[in-house]
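Q: Supplied structure: run22.tsv, TSV, C-alpha atoms.
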```tsv
chain	number	residue	atom	x	y	z
O	3	MET	CA	20.98	-47.92	16.50
O	4	PRO	CA	20.57	-47.40	12.72
O	5	TYR	CA	19.86	-43.86	11.43
O	6	SER	CA	16.21	-43.05	10.83
O	7	ALA	CA	15.27	-39.94	8.89
O	8	ALA	CA	11.90	-39.92	10.62
O	9	GLN	CA	13.64	-39.44	13.96
O	10	HIS	CA	15.14	-36.17	12.75
O	11	TRP	CA	12.08	-34.85	10.93
O	12	GLN	CA	9.94	-32.34	12.71
O	13	GLU	CA	6.79	-30.61	11.63
O	14	PRO	CA	7.49	-27.00	10.61
O	15	GLU	CA	6.65	-24.43	13.25
O	16	LEU	CA	3.57	-22.46	12.29
O	17	LEU	CA	3.62	-18.68	12.35
O	18	ASP	CA	1.39	-17.05	14.93
O	19	PRO	CA	-0.94	-14.48	13.30
O	20	ALA	CA	-0.77	-12.47	16.51
O	21	ALA	CA	2.99	-12.07	15.96
O	22	ALA	CA	2.61	-10.32	12.59
O	23	PRO	CA	4.01	-6.76	12.80
O	24	LEU	CA	0.95	-4.52	12.85
O	25	PRO	CA	0.63	-1.18	11.06
O	26	GLU	CA	0.72	1.80	13.42
O	27	TYR	CA	-2.90	2.79	12.90
O	28	GLY	CA	-3.77	5.93	14.82
O	29	SER	CA	-0.23	7.17	15.39
O	30	GLY	CA	2.11	6.41	12.50
O	31	SER	CA	0.36	4.99	9.44
O	32	LEU	CA	-0.35	6.49	6.03
O	33	ALA	CA	-3.95	7.02	7.13
O	34	ASP	CA	-2.70	9.44	9.79
O	35	LEU	CA	-0.68	11.69	7.49
O	36	LEU	CA	-3.17	14.00	5.79
O	37	PRO	CA	-5.42	14.45	8.83
O	38	THR	CA	-2.34	15.53	10.80
O	39	LEU	CA	-1.28	18.04	8.15
O	40	ALA	CA	-4.81	19.38	7.66
O	41	ALA	CA	-5.37	19.69	11.41
O	42	GLY	CA	-2.29	21.90	11.57
O	43	GLN	CA	-3.95	24.12	8.94
O	44	GLY	CA	-7.12	24.42	10.99
O	45	VAL	CA	-9.32	22.11	8.91
O	46	PRO	CA	-12.40	21.01	10.90
O	47	GLY	CA	-12.88	17.26	11.32
O	48	CYS	CA	-9.16	16.46	11.16
O	49	ALA	CA	-7.02	15.32	14.09
O	50	ALA	CA	-3.23	15.49	14.42
O	51	THR	CA	-2.33	11.89	15.29
O	52	ILE	CA	1.31	11.80	14.12
O	53	ALA	CA	2.68	13.57	17.17
O	54	GLU	CA	6.14	14.19	15.70
O	55	LEU	CA	4.99	16.51	12.89
O	56	THR	CA	5.05	20.30	13.22
O	57	PRO	CA	2.26	22.32	11.52
O	58	ALA	CA	3.01	24.32	8.39
O	59	ASP	CA	0.92	26.83	6.43
O	60	ARG	CA	1.72	25.04	3.18
O	61	ASN	CA	2.00	21.27	2.91
O	62	CYS	CA	3.05	19.14	-0.03
O	63	VAL	CA	2.87	15.33	-0.14
O	64	PHE	CA	4.93	13.68	-2.89
O	65	LEU	CA	3.96	9.99	-3.01
O	66	VAL	CA	6.31	7.73	-4.97
O	67	ASP	CA	4.64	4.42	-5.79
O	68	GLY	CA	6.68	1.47	-4.56
O	69	MET	CA	9.50	3.36	-2.80
O	70	GLY	CA	9.84	1.53	0.49
O	71	TRP	CA	11.95	2.66	3.43
O	72	GLU	CA	14.25	-0.34	3.23
O	73	GLN	CA	14.79	0.13	-0.49
O	74	ILE	CA	16.01	3.72	0.02
O	75	LYS	CA	18.38	2.64	2.79
O	76	ALA	CA	19.78	-0.10	0.56
O	77	HIS	CA	20.59	2.27	-2.33
O	78	PRO	CA	22.49	5.31	-1.03
O	79	ASP	CA	24.54	5.65	-4.22
O	80	GLU	CA	21.46	5.79	-6.45
O	81	ALA	CA	19.54	8.09	-4.11
O	82	PRO	CA	22.01	10.48	-2.47
O	83	TYR	CA	19.48	13.26	-1.89
O	84	LEU	CA	16.83	10.95	-0.44
O	85	THR	CA	19.50	9.33	1.72
O	86	SER	CA	20.50	12.74	3.04
O	87	LEU	CA	16.90	13.19	4.21
O	88	LEU	CA	16.53	9.88	6.06
O	89	SER	CA	17.17	11.50	9.43
O	90	THR	CA	14.30	13.94	8.81
O	91	SER	CA	11.73	11.17	8.44
O	92	ARG	CA	8.69	11.36	10.69
O	93	GLY	CA	9.41	14.73	12.19
O	94	GLY	CA	13.15	14.25	12.65
O	95	THR	CA	12.92	10.96	14.51
O	96	GLY	CA	14.49	9.07	11.61
O	97	ARG	CA	11.66	6.55	11.75
O	98	PRO	CA	9.35	5.40	8.93
O	99	LEU	CA	5.60	5.24	8.72
O	100	THR	CA	3.68	2.02	8.12
O	101	ALA	CA	1.57	1.61	5.01
O	102	GLY	CA	-1.35	-0.37	6.41
O	103	PHE	CA	-2.57	-3.82	5.43
O	104	PRO	CA	-2.51	-4.90	2.71
O	105	ALA	CA	0.49	-2.85	1.59
O	106	THR	CA	-0.87	-2.25	-1.90
O	107	THR	CA	-1.65	0.79	-4.01
O	108	ALA	CA	-5.45	0.89	-3.99
O	109	THR	CA	-5.61	0.33	-0.24
O	110	SER	CA	-2.82	2.79	0.57
O	111	LEU	CA	-4.07	5.59	-1.67
O	112	ALA	CA	-7.52	5.28	-0.10
O	113	SER	CA	-5.93	5.42	3.36
O	114	VAL	CA	-3.91	8.50	2.40
O	115	GLY	CA	-6.82	10.35	0.86
O	116	THR	CA	-9.57	9.55	3.35
O	117	GLY	CA	-7.43	9.45	6.47
O	118	LEU	CA	-9.10	6.15	7.37
O	119	PRO	CA	-7.76	2.59	7.79
O	120	PRO	CA	-8.82	-0.11	5.30
O	121	GLY	CA	-11.54	-1.52	7.52
O	122	ARG	CA	-13.27	1.86	7.39
O	123	HIS	CA	-12.75	3.14	3.84
O	124	GLY	CA	-13.49	-0.31	2.41
O	125	LEU	CA	-10.67	-0.92	-0.09
O	126	PRO	CA	-9.02	-3.78	1.84
O	127	GLY	CA	-6.95	-5.26	-0.97
O	128	TYR	CA	-6.06	-5.43	-4.64
O	129	ALA	CA	-9.06	-7.61	-5.58
O	130	VAL	CA	-11.87	-8.38	-3.12
O	131	ARG	CA	-15.30	-9.93	-3.22
O	132	ASN	CA	-18.26	-7.65	-3.82
O	133	PRO	CA	-20.86	-8.99	-1.37
O	134	ALA	CA	-23.67	-7.64	-3.56
O	135	THR	CA	-22.66	-9.74	-6.59
O	136	GLY	CA	-20.44	-12.46	-5.18
O	137	ALA	CA	-17.79	-11.66	-7.79
O	138	LEU	CA	-14.26	-10.34	-7.38
O	139	MET	CA	-13.84	-6.59	-7.81
O	140	ASN	CA	-10.42	-5.24	-8.78
O	141	GLN	CA	-10.10	-2.02	-6.78
O	142	LEU	CA	-7.12	-0.69	-8.70
O	143	ARG	CA	-8.69	-1.09	-12.14
O	144	TRP	CA	-12.24	-0.70	-10.75
O	145	TYR	CA	-13.60	-3.73	-12.60
O	146	PRO	CA	-16.36	-4.86	-12.66
O	147	TRP	CA	-17.83	-1.41	-12.24
O	148	VAL	CA	-19.51	-0.41	-8.99
O	149	GLU	CA	-20.74	3.03	-8.06
O	150	PRO	CA	-17.68	4.70	-6.47
O	151	ARG	CA	-19.49	6.67	-3.78
O	152	THR	CA	-21.46	3.62	-2.74
O	153	TRP	CA	-18.28	1.60	-2.43
O	154	GLN	CA	-16.41	4.34	-0.50
O	155	PRO	CA	-18.82	6.94	0.97
O	156	TYR	CA	-16.49	8.97	3.19
O	157	PRO	CA	-15.21	12.43	2.17
O	158	THR	CA	-11.53	12.83	1.43
O	159	VAL	CA	-9.24	15.05	3.45
O	160	PHE	CA	-8.72	17.07	0.26
O	161	GLN	CA	-12.46	17.80	0.12
O	162	LEU	CA	-12.48	18.85	3.77
O	163	ALA	CA	-9.47	21.11	3.23
O	164	ASP	CA	-10.93	22.67	0.11
O	165	LYS	CA	-14.19	23.36	1.95
O	166	ALA	CA	-12.20	25.01	4.76
O	167	GLY	CA	-10.57	27.45	2.35
O	168	VAL	CA	-7.20	25.74	1.95
O	169	ALA	CA	-5.84	26.00	-1.61
O	170	THR	CA	-5.98	22.33	-2.51
O	171	ALA	CA	-4.53	20.71	-5.62
O	172	GLN	CA	-3.37	17.42	-7.11
O	173	VAL	CA	-0.64	17.26	-9.72
O	174	SER	CA	-0.45	13.87	-11.39
O	175	SER	CA	-0.67	12.04	-14.69
O	176	PRO	CA	-3.61	13.18	-16.85
O	177	ALA	CA	-4.66	9.51	-17.04
O	178	PHE	CA	-5.72	9.61	-13.38
O	179	ARG	CA	-8.00	12.64	-13.66
O	180	THR	CA	-11.30	10.76	-13.95
O	181	THR	CA	-10.54	7.30	-12.56
O	182	PRO	CA	-12.90	5.91	-9.89
O	183	LEU	CA	-9.97	5.37	-7.52
O	184	THR	CA	-9.08	9.06	-7.79
O	185	LYS	CA	-12.72	9.95	-7.18
O	186	VAL	CA	-13.10	7.92	-3.99
O	187	ALA	CA	-9.60	8.43	-2.57
O	188	LEU	CA	-8.05	11.66	-3.82
O	189	SER	CA	-10.73	14.03	-5.08
O	190	GLY	CA	-11.07	17.57	-3.79
O	191	GLY	CA	-9.72	20.90	-5.00
O	192	ALA	CA	-8.17	21.28	-8.45
O	193	PHE	CA	-6.65	18.47	-10.52
O	194	HIS	CA	-3.71	19.34	-12.78
O	195	GLY	CA	-2.53	16.71	-15.23
O	196	ARG	CA	1.10	16.81	-16.34
O	197	MET	CA	2.96	14.11	-18.25
O	198	THR	CA	6.56	14.36	-17.06
O	199	GLY	CA	7.94	14.23	-13.58
O	200	GLU	CA	9.71	17.55	-14.03
O	201	GLU	CA	6.47	19.24	-15.07
O	202	ARG	CA	4.73	17.87	-11.99
O	203	MET	CA	7.44	19.12	-9.64
O	204	ASP	CA	7.42	22.59	-11.16
O	205	LEU	CA	3.65	22.90	-11.08
O	206	ALA	CA	3.42	21.50	-7.54
O	207	ALA	CA	5.70	24.31	-6.38
O	208	ILE	CA	3.52	26.89	-8.16
O	209	GLN	CA	0.36	25.48	-6.60
O	210	LEU	CA	1.90	25.57	-3.14
O	211	ALA	CA	2.42	29.30	-3.51
O	212	ALA	CA	-1.17	29.84	-4.68
O	213	GLY	CA	-2.59	30.41	-1.19
O	214	ASP	CA	-1.58	31.44	2.31
O	215	ARG	CA	-2.67	27.92	3.29
O	216	SER	CA	-2.17	25.22	0.69
O	217	LEU	CA	-2.28	21.43	0.45
O	218	VAL	CA	-0.75	19.88	-2.67
O	219	TYR	CA	-0.44	16.22	-3.58
O	220	THR	CA	1.75	14.88	-6.37
O	221	TYR	CA	2.49	11.34	-7.48
O	222	TYR	CA	4.95	9.27	-9.50
O	223	SER	CA	4.26	5.63	-10.46
O	224	GLU	CA	7.06	4.44	-12.74
O	225	LEU	CA	9.36	3.21	-9.95
O	226	ASP	CA	6.70	0.69	-8.96
O	227	GLY	CA	6.30	-0.47	-12.55
O	228	ALA	CA	10.03	-1.09	-12.91
O	229	GLY	CA	10.06	-3.06	-9.67
O	230	HIS	CA	7.15	-5.26	-10.73
O	231	ARG	CA	8.60	-5.99	-14.15
O	232	HIS	CA	12.31	-6.28	-13.37
O	233	GLY	CA	12.63	-6.47	-9.58
O	234	VAL	CA	14.09	-4.11	-7.01
O	235	ASP	CA	17.54	-5.57	-7.67
O	236	SER	CA	17.49	-4.54	-11.34
O	237	ASP	CA	19.25	-1.81	-13.29
O	238	ALA	CA	15.86	-0.58	-14.50
O	239	TRP	CA	14.61	-0.09	-10.93
O	240	ARG	CA	17.82	1.59	-9.82
O	241	GLY	CA	17.63	3.94	-12.80
O	242	GLN	CA	14.11	4.94	-11.81
O	243	LEU	CA	15.23	5.54	-8.23
O	244	MET	CA	17.97	7.85	-9.49
O	245	TYR	CA	15.35	9.79	-11.45
O	246	VAL	CA	13.06	10.03	-8.41
O	247	ASP	CA	15.99	11.32	-6.37
O	248	ARG	CA	16.46	14.17	-8.85
O	249	LEU	CA	12.73	14.93	-8.88
O	250	VAL	CA	12.57	15.27	-5.10
O	251	GLN	CA	15.55	17.64	-5.10
O	252	ARG	CA	14.03	19.65	-7.95
O	253	LEU	CA	10.82	20.16	-5.99
O	254	ALA	CA	12.62	20.87	-2.72
O	255	GLU	CA	14.65	23.64	-4.32
O	256	GLN	CA	11.49	25.44	-5.50
O	257	LEU	CA	9.42	25.38	-2.32
O	258	PRO	CA	7.81	28.69	-1.37
O	259	PRO	CA	8.14	30.07	2.18
O	260	ARG	CA	6.37	28.42	5.14
O	261	THR	CA	6.21	25.05	3.38
O	262	ALA	CA	6.69	21.46	4.54
O	263	LEU	CA	7.38	18.88	1.83
O	264	TYR	CA	6.79	15.24	2.77
O	265	VAL	CA	8.09	12.46	0.54
O	266	THR	CA	6.41	9.12	1.16
O	267	ALA	CA	5.22	5.95	-0.59
O	268	ASP	CA	2.31	3.56	-0.68
O	269	HIS	CA	4.36	0.40	-0.05
O	270	GLY	CA	7.75	-1.21	-0.50
O	271	MET	CA	8.51	-4.35	-2.49
O	272	VAL	CA	10.28	-7.71	-2.45
O	273	ASP	CA	11.57	-9.86	-5.28
O	274	VAL	CA	10.06	-13.35	-5.30
O	275	PRO	CA	12.30	-16.06	-6.83
O	276	PHE	CA	10.98	-17.97	-9.82
O	277	ASP	CA	10.93	-21.46	-8.35
O	278	GLU	CA	8.26	-23.86	-7.13
O	279	ASP	CA	9.12	-23.40	-3.48
O	280	SER	CA	8.78	-19.60	-3.68
O	281	ARG	CA	5.75	-19.43	-5.99
O	282	ILE	CA	2.89	-21.66	-4.89
O	283	ASP	CA	0.49	-21.96	-7.83
O	284	PHE	CA	-3.06	-22.00	-6.51
O	285	ASP	CA	-4.43	-23.07	-9.88
O	286	GLU	CA	-2.29	-26.23	-9.76
O	287	ASP	CA	-2.73	-27.05	-6.06
O	288	TRP	CA	-5.85	-29.13	-5.41
O	289	GLU	CA	-5.29	-29.06	-1.66
O	290	LEU	CA	-5.34	-25.26	-1.38
O	291	GLY	CA	-8.29	-25.06	-3.77
O	292	ALA	CA	-10.54	-27.45	-1.84
O	293	GLY	CA	-13.57	-25.59	-0.53
O	294	VAL	CA	-12.48	-22.25	-2.02
O	295	ALA	CA	-15.06	-20.32	-4.03
O	296	LEU	CA	-12.88	-17.28	-4.87
O	297	LEU	CA	-9.24	-16.33	-4.50
O	298	GLY	CA	-8.77	-12.61	-4.00
O	299	GLY	CA	-6.06	-10.21	-2.95
O	300	GLU	CA	-2.65	-10.66	-4.57
O	301	GLY	CA	0.33	-12.99	-4.30
O	302	ARG	CA	1.61	-11.85	-0.92
O	303	ALA	CA	-1.70	-10.85	0.68
O	304	ARG	CA	-4.51	-13.24	-0.16
O	305	HIS	CA	-8.22	-13.04	0.60
O	306	VAL	CA	-9.66	-16.55	0.48
O	307	TYR	CA	-13.45	-16.88	0.15
O	308	ALA	CA	-14.78	-20.29	1.12
O	309	VAL	CA	-17.87	-22.03	-0.16
O	310	PRO	CA	-20.64	-21.92	2.47
O	311	GLY	CA	-19.88	-24.22	5.37
O	312	ALA	CA	-16.24	-24.81	4.41
O	313	GLN	CA	-14.64	-21.85	6.22
O	314	ALA	CA	-13.16	-23.87	9.09
O	315	ASP	CA	-11.78	-26.57	6.78
O	316	VAL	CA	-10.20	-24.03	4.45
O	317	LEU	CA	-8.56	-22.26	7.38
O	318	THR	CA	-7.17	-25.56	8.69
O	319	VAL	CA	-5.74	-26.61	5.33
O	320	TRP	CA	-4.20	-23.23	4.54
O	321	ARG	CA	-2.53	-23.17	7.94
O	322	GLU	CA	-1.20	-26.70	7.56
O	323	VAL	CA	0.13	-26.12	4.04
O	324	LEU	CA	1.35	-22.51	4.28
O	325	GLY	CA	1.51	-21.63	7.97
O	326	ASP	CA	5.29	-21.83	8.22
O	327	ARG	CA	5.68	-19.14	5.51
O	328	PHE	CA	2.47	-17.10	5.84
O	329	TRP	CA	0.59	-15.58	8.72
O	330	VAL	CA	-2.81	-17.25	8.19
O	331	ALA	CA	-5.87	-15.94	10.04
O	332	SER	CA	-9.62	-16.15	9.84
O	333	ARG	CA	-11.49	-12.96	9.05
O	334	GLU	CA	-12.51	-12.66	12.68
O	335	GLU	CA	-8.95	-13.16	13.92
O	336	ALA	CA	-7.52	-10.64	11.45
O	337	LEU	CA	-10.05	-8.03	12.55
O	338	GLU	CA	-9.52	-8.69	16.25
O	339	LEU	CA	-5.75	-8.50	15.82
O	340	GLY	CA	-6.01	-5.13	14.07
O	341	TRP	CA	-4.74	-6.08	10.62
O	342	PHE	CA	-7.24	-3.81	8.85
O	343	GLY	CA	-7.45	-1.08	11.48
O	344	PRO	CA	-8.09	-0.72	15.20
O	345	PRO	CA	-10.12	-3.67	16.55
O	346	GLY	CA	-13.85	-3.04	16.53
O	347	GLU	CA	-13.70	-0.27	13.92
O	348	CYS	CA	-14.42	-2.19	10.72
O	349	ASP	CA	-17.52	-0.93	8.91
O	350	GLU	CA	-20.32	-3.45	8.48
O	351	ARG	CA	-20.36	-2.91	4.72
O	352	VAL	CA	-16.67	-3.94	4.53
O	353	LEU	CA	-16.87	-7.26	6.38
O	354	GLY	CA	-17.93	-9.32	3.37
O	355	ARG	CA	-15.10	-7.89	1.27
O	356	ILE	CA	-12.51	-9.42	3.58
O	357	GLY	CA	-11.69	-13.08	3.01
O	358	ASP	CA	-12.97	-15.86	5.23
O	359	VAL	CA	-9.25	-16.64	5.45
O	360	VAL	CA	-6.50	-14.02	5.09
O	361	ALA	CA	-2.93	-15.09	4.29
O	362	ALA	CA	0.01	-12.65	4.55
O	363	ALA	CA	3.48	-13.74	3.43
O	364	GLN	CA	6.35	-13.68	5.90
O	365	ALA	CA	9.01	-15.29	3.68
O	366	ASP	CA	9.94	-14.24	0.13
O	367	VAL	CA	7.11	-16.29	-1.33
O	368	ALA	CA	3.83	-15.72	-3.16
O	369	ILE	CA	0.61	-17.57	-3.90
O	370	THR	CA	0.25	-17.19	-7.64
O	371	ALA	CA	-2.61	-18.20	-9.95
O	372	SER	CA	-1.07	-18.99	-13.32
O	373	VAL	CA	-4.38	-19.55	-15.12
O	374	LYS	CA	-6.66	-16.91	-13.57
O	375	GLU	CA	-3.92	-14.28	-12.98
O	376	PRO	CA	-1.24	-14.85	-15.66
O	377	ASN	CA	0.02	-11.26	-15.68
O	378	GLU	CA	0.24	-10.87	-11.92
O	379	SER	CA	1.84	-14.31	-11.61
O	380	ALA	CA	4.65	-13.28	-13.97
O	381	LEU	CA	5.74	-10.27	-11.89
O	382	THR	CA	9.20	-10.27	-10.35
O	383	GLY	CA	8.63	-7.69	-7.62
O	384	MET	CA	5.58	-8.09	-5.37
O	385	HIS	CA	4.12	-6.53	-2.24
O	386	GLY	CA	1.10	-6.59	0.03
O	387	SER	CA	2.17	-8.18	3.28
O	388	MET	CA	3.38	-6.90	6.65
O	389	THR	CA	7.13	-7.52	6.34
O	390	PRO	CA	9.33	-4.44	6.87
O	391	ALA	CA	10.37	-4.42	3.19
O	392	GLU	CA	6.73	-3.94	2.16
O	393	GLN	CA	5.19	-2.20	5.12
O	394	LEU	CA	7.67	0.53	6.05
O	395	VAL	CA	7.52	3.73	4.01
O	396	PRO	CA	9.45	6.99	4.40
O	397	LEU	CA	8.16	10.35	5.53
O	398	LEU	CA	11.12	12.48	4.45
O	399	GLU	CA	10.76	16.18	5.22
O	400	VAL	CA	12.05	19.43	3.74
O	401	ARG	CA	10.91	22.71	5.32
O	402	THR	CA	11.26	26.36	4.41
O	403	SER	CA	10.96	29.27	6.81
```
Here is a file; write its structure as structure tokens.

A:
Amino acid sequence: MPYSAAQHWQEPELLDPAAAPLPEYGSGSLADLLPTLAAGQGVPGCAATIAELTPADRNCVFLVDGMGWEQIKAHPDEAPYLTSLLSTSRGGTGRPLTAGFPATTATSLASVGTGLPPGRHGLPGYAVRNPATGALMNQLRWYPWVEPRTWQPYPTVFQLADKAGVATAQVSSPAFRTTPLTKVALSGGAFHGRMTGEERMDLAAIQLAAGDRSLVYTYYSELDGAGHRHGVDSDAWRGQLMYVDRLVQRLAEQLPPRTALYVTADHGMVDVPFDEDSRIDFDEDWELGAGVALLGGEGRARHVYAVPGAQADVLTVWREVLGDRFWVASREEALELGWFGPPGECDERVLGRIGDVVAAAQADVAITASVKEPNESALTGMHGSMTPAEQLVPLLEVRTS
């Protein structure tokens, strides 16, 4: 019988949204970290949900933007000190935390600071629809402006700790002092702006010693920037990781007594190849755009807002076109599956911010928008989804007696 290509062609197998690896909300996610630490310091309203952590009088969280668990493990030569701490992660279990979905800075910082999952604090992505206006709202840049405390009304763990008499401080770039994201996610206690990483490490150690009970947060963002611009396989990224490694050791060597230092991150990162198969351009794809009113989120974690009445059709098309490379779910499915937090715990005010369709990348691909998002579409390194490279973050620990 003559060869027929059609006989050997099979439709690609679609990914099951229920098979996406869920964040460990309630036991091992970024949202569980500060409540666990504060509970160990006797702060009312906080619960210790990361069972592996031991209380300390003084706690310091050093969050390195973009430093995923898998990236540390892949670069032992560039990060010898961090590598030496891998076995201490998550209370000596040698296991990582999960960031939460989407694995992106605005969402993760809000989860860290409030101790709540995205479906509660209400920052469920990089750019989401504001139900009050119908327009996209960029939650990292906070544009267009919305009243911060209306958008995210819950108190931060820092505010609760400060009220309970814990010496609470943030040590970060001066540029973040008055940003809306800082206000809704990280406010509480004193803010100390310092330009260099070395200055931040030195001052964080001083602030830890400022009280019998202290909670200090410090942050470094340049590793993430190098990954976005050049990729996590670049010399620029590796150079930044080497610098971060030295910063962590510098801080660890200055810790006052009775202190626990935790080194973590908001997400990891993957490099997305620059080819048509890996970068699906929404602005050039009429099929994906049919029935879509707004495209939110970011390349690897998209919120898709349908025109009224087109939700089912948009879901069908996105699954048919992308379902072998993305976990594609309706809003209702994503919530029931626990993508944005424990099922049934999404706040009513947050529902309309989540896409009618949510698409999370499983392969090293991205949905770009070359016309509407030229800068984001040009990035080499991306993040947002639930793959281990993006989702898993360290919780490295150094303790003093």

Q: Which residue, O:Gln393, O:Gln242, O:Thr85, O:Thr135, has the smallest gap to Ser31 in chain O when you use all atoms listed in the file?

A: O:Gln393

Q: Asp366 in chain O: which residues within 7 Å, counting only C-alpha atoms, same-chain residues fewer than 2 positions away excluded, as a list of chain:residue names?

A: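 After dropping sequence-adjacent residues, the list is O:Val274, O:Ser280, O:Gln364.
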
Q: What lies within 8 Å of range 367-379 of chain O using all atoms listed in the file, ignoring chain neighbours under 2 positions off, as a ChimeraX atom specification?

A: /O:274-275,279-285,300-302,304,327,363-365,381

Q: Go through range 31-113 of chain O residue by residue and, counting only C-alpha atoms, keep those with an atom at most 8 Å from range 332-355 of chain O; for each kept residue give the shortest atom pair and its distance in Å to one decimal, ordered by chain and increasing number, as a tab-separated table.

A:
```
residue	atom	partner	partner_atom	distance
O:Gly102	CA	O:Phe342	CA	7.2
O:Phe103	CA	O:Phe342	CA	5.8
O:Pro104	CA	O:Phe342	CA	7.8
```

Q: Please report, as CSV, each residue of range 131-201 of chain O lying at most 12 Å from range 293-299 of chain O, together with the nearest pair of atoms and the separation in Å rounded to one decimal; use only C-alpha atoms, and order rows by chain and ascending residue number.

A:
```
residue,atom,partner,partner_atom,distance
O:Arg131,CA,O:Gly298,CA,7.1
O:Asn132,CA,O:Gly298,CA,10.7
O:Gly136,CA,O:Leu296,CA,9.0
O:Ala137,CA,O:Leu296,CA,8.0
O:Leu138,CA,O:Gly298,CA,6.8
O:Met139,CA,O:Gly298,CA,8.7
O:Asn140,CA,O:Gly299,CA,8.8
O:Gln141,CA,O:Gly299,CA,9.9
O:Leu142,CA,O:Gly299,CA,11.2
```

Q: If you measure from CA of Pro25 in chain O to CA of Leu225 in chain O, what distance in Å do you get, rounded to one decimal?

A: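 Straight-line distance from CA of Pro25 in chain O to CA of Leu225 in chain O works out to 23.2 Å.
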
Q: So that I can check the surroundings of range 257-266 of chain O, please list as a list of chain:residue names every protein, DNA and RNA residue that reaches within 8 Å of it, counting all atoms listed in the file and ignoring chain neighbours fewer than 4 positions away.

A: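 Near neighbours after the sequence-gap exclusion: O:Ala58, O:Asp59, O:Arg60, O:Asn61, O:Cys62, O:Val63, O:Phe64, O:Leu65, O:Val66, O:Met69, O:Ala207, O:Leu210, O:Ala211, O:Val250, O:Leu253, O:Val395, O:Pro396, O:Leu397, O:Leu398, O:Glu399, O:Val400, O:Arg401, O:Thr402, O:Ser403.
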
Q: Mind checking which residues fall within 10 Å of Asp247 in chain O, counting all atoms listed in the file, ignoring those fewer than 4 positions away in the same chain, and posting them as a PyMOL selection string?

A: chain O and resi 74+80-85+241-243+251-252

Q: Kindly provide, as a PyMOL selection string, the polymer residues lying within 12 Å of (-5.1, 11.5, 1.3), counting all atoms listed in the file and using the coordinates exactly as they appear in the file.

A: chain O and resi 31-40+48+62-65+108-119+123+156-163+170-172+183-190+217-221+266-268

Q: Between CA of Leu394 in chain O and CA of Glu72 in chain O, what is the spacing in Å?

A: 7.2 Å

Q: Between O:Ala308, O:Gly383, O:His269, O:Arg196, which one has atoms that come closest to Pro98 in chain O, using all atoms listed in the file?

A: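 Once distances to Pro98 in chain O are computed over all atoms listed in the file, the minimum belongs to O:His269.
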
Q: Please list, as JSON, numbers by chain, the residues that have an atom at most 8 Å away from (0.1, -25.5, -2.3) in the coordinates of this file, counting all atoms listed in the file.

A: {"O": [282, 283, 284, 286, 287, 288, 289, 290, 323, 324]}

Q: Between CA of His305 in chain O and CA of Val234 in chain O, what distance in Å does the model show, to one decimal?

A: 25.2 Å

Q: Could you check which of O:His77, O:Gly191, O:Asp67, O:Phe276 is closest to Ser236 in chain O, using all atoms listed in the file?

A: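 Comparing O:His77, O:Gly191, O:Asp67, O:Phe276 against Ser236 in chain O, the winner is O:His77.
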
Q: Which one of O:Gly227, O:Pro150, O:Gly386, O:Pro57 sits closest to Gly127 in chain O if you count all atoms listed in the file?

A: O:Gly386
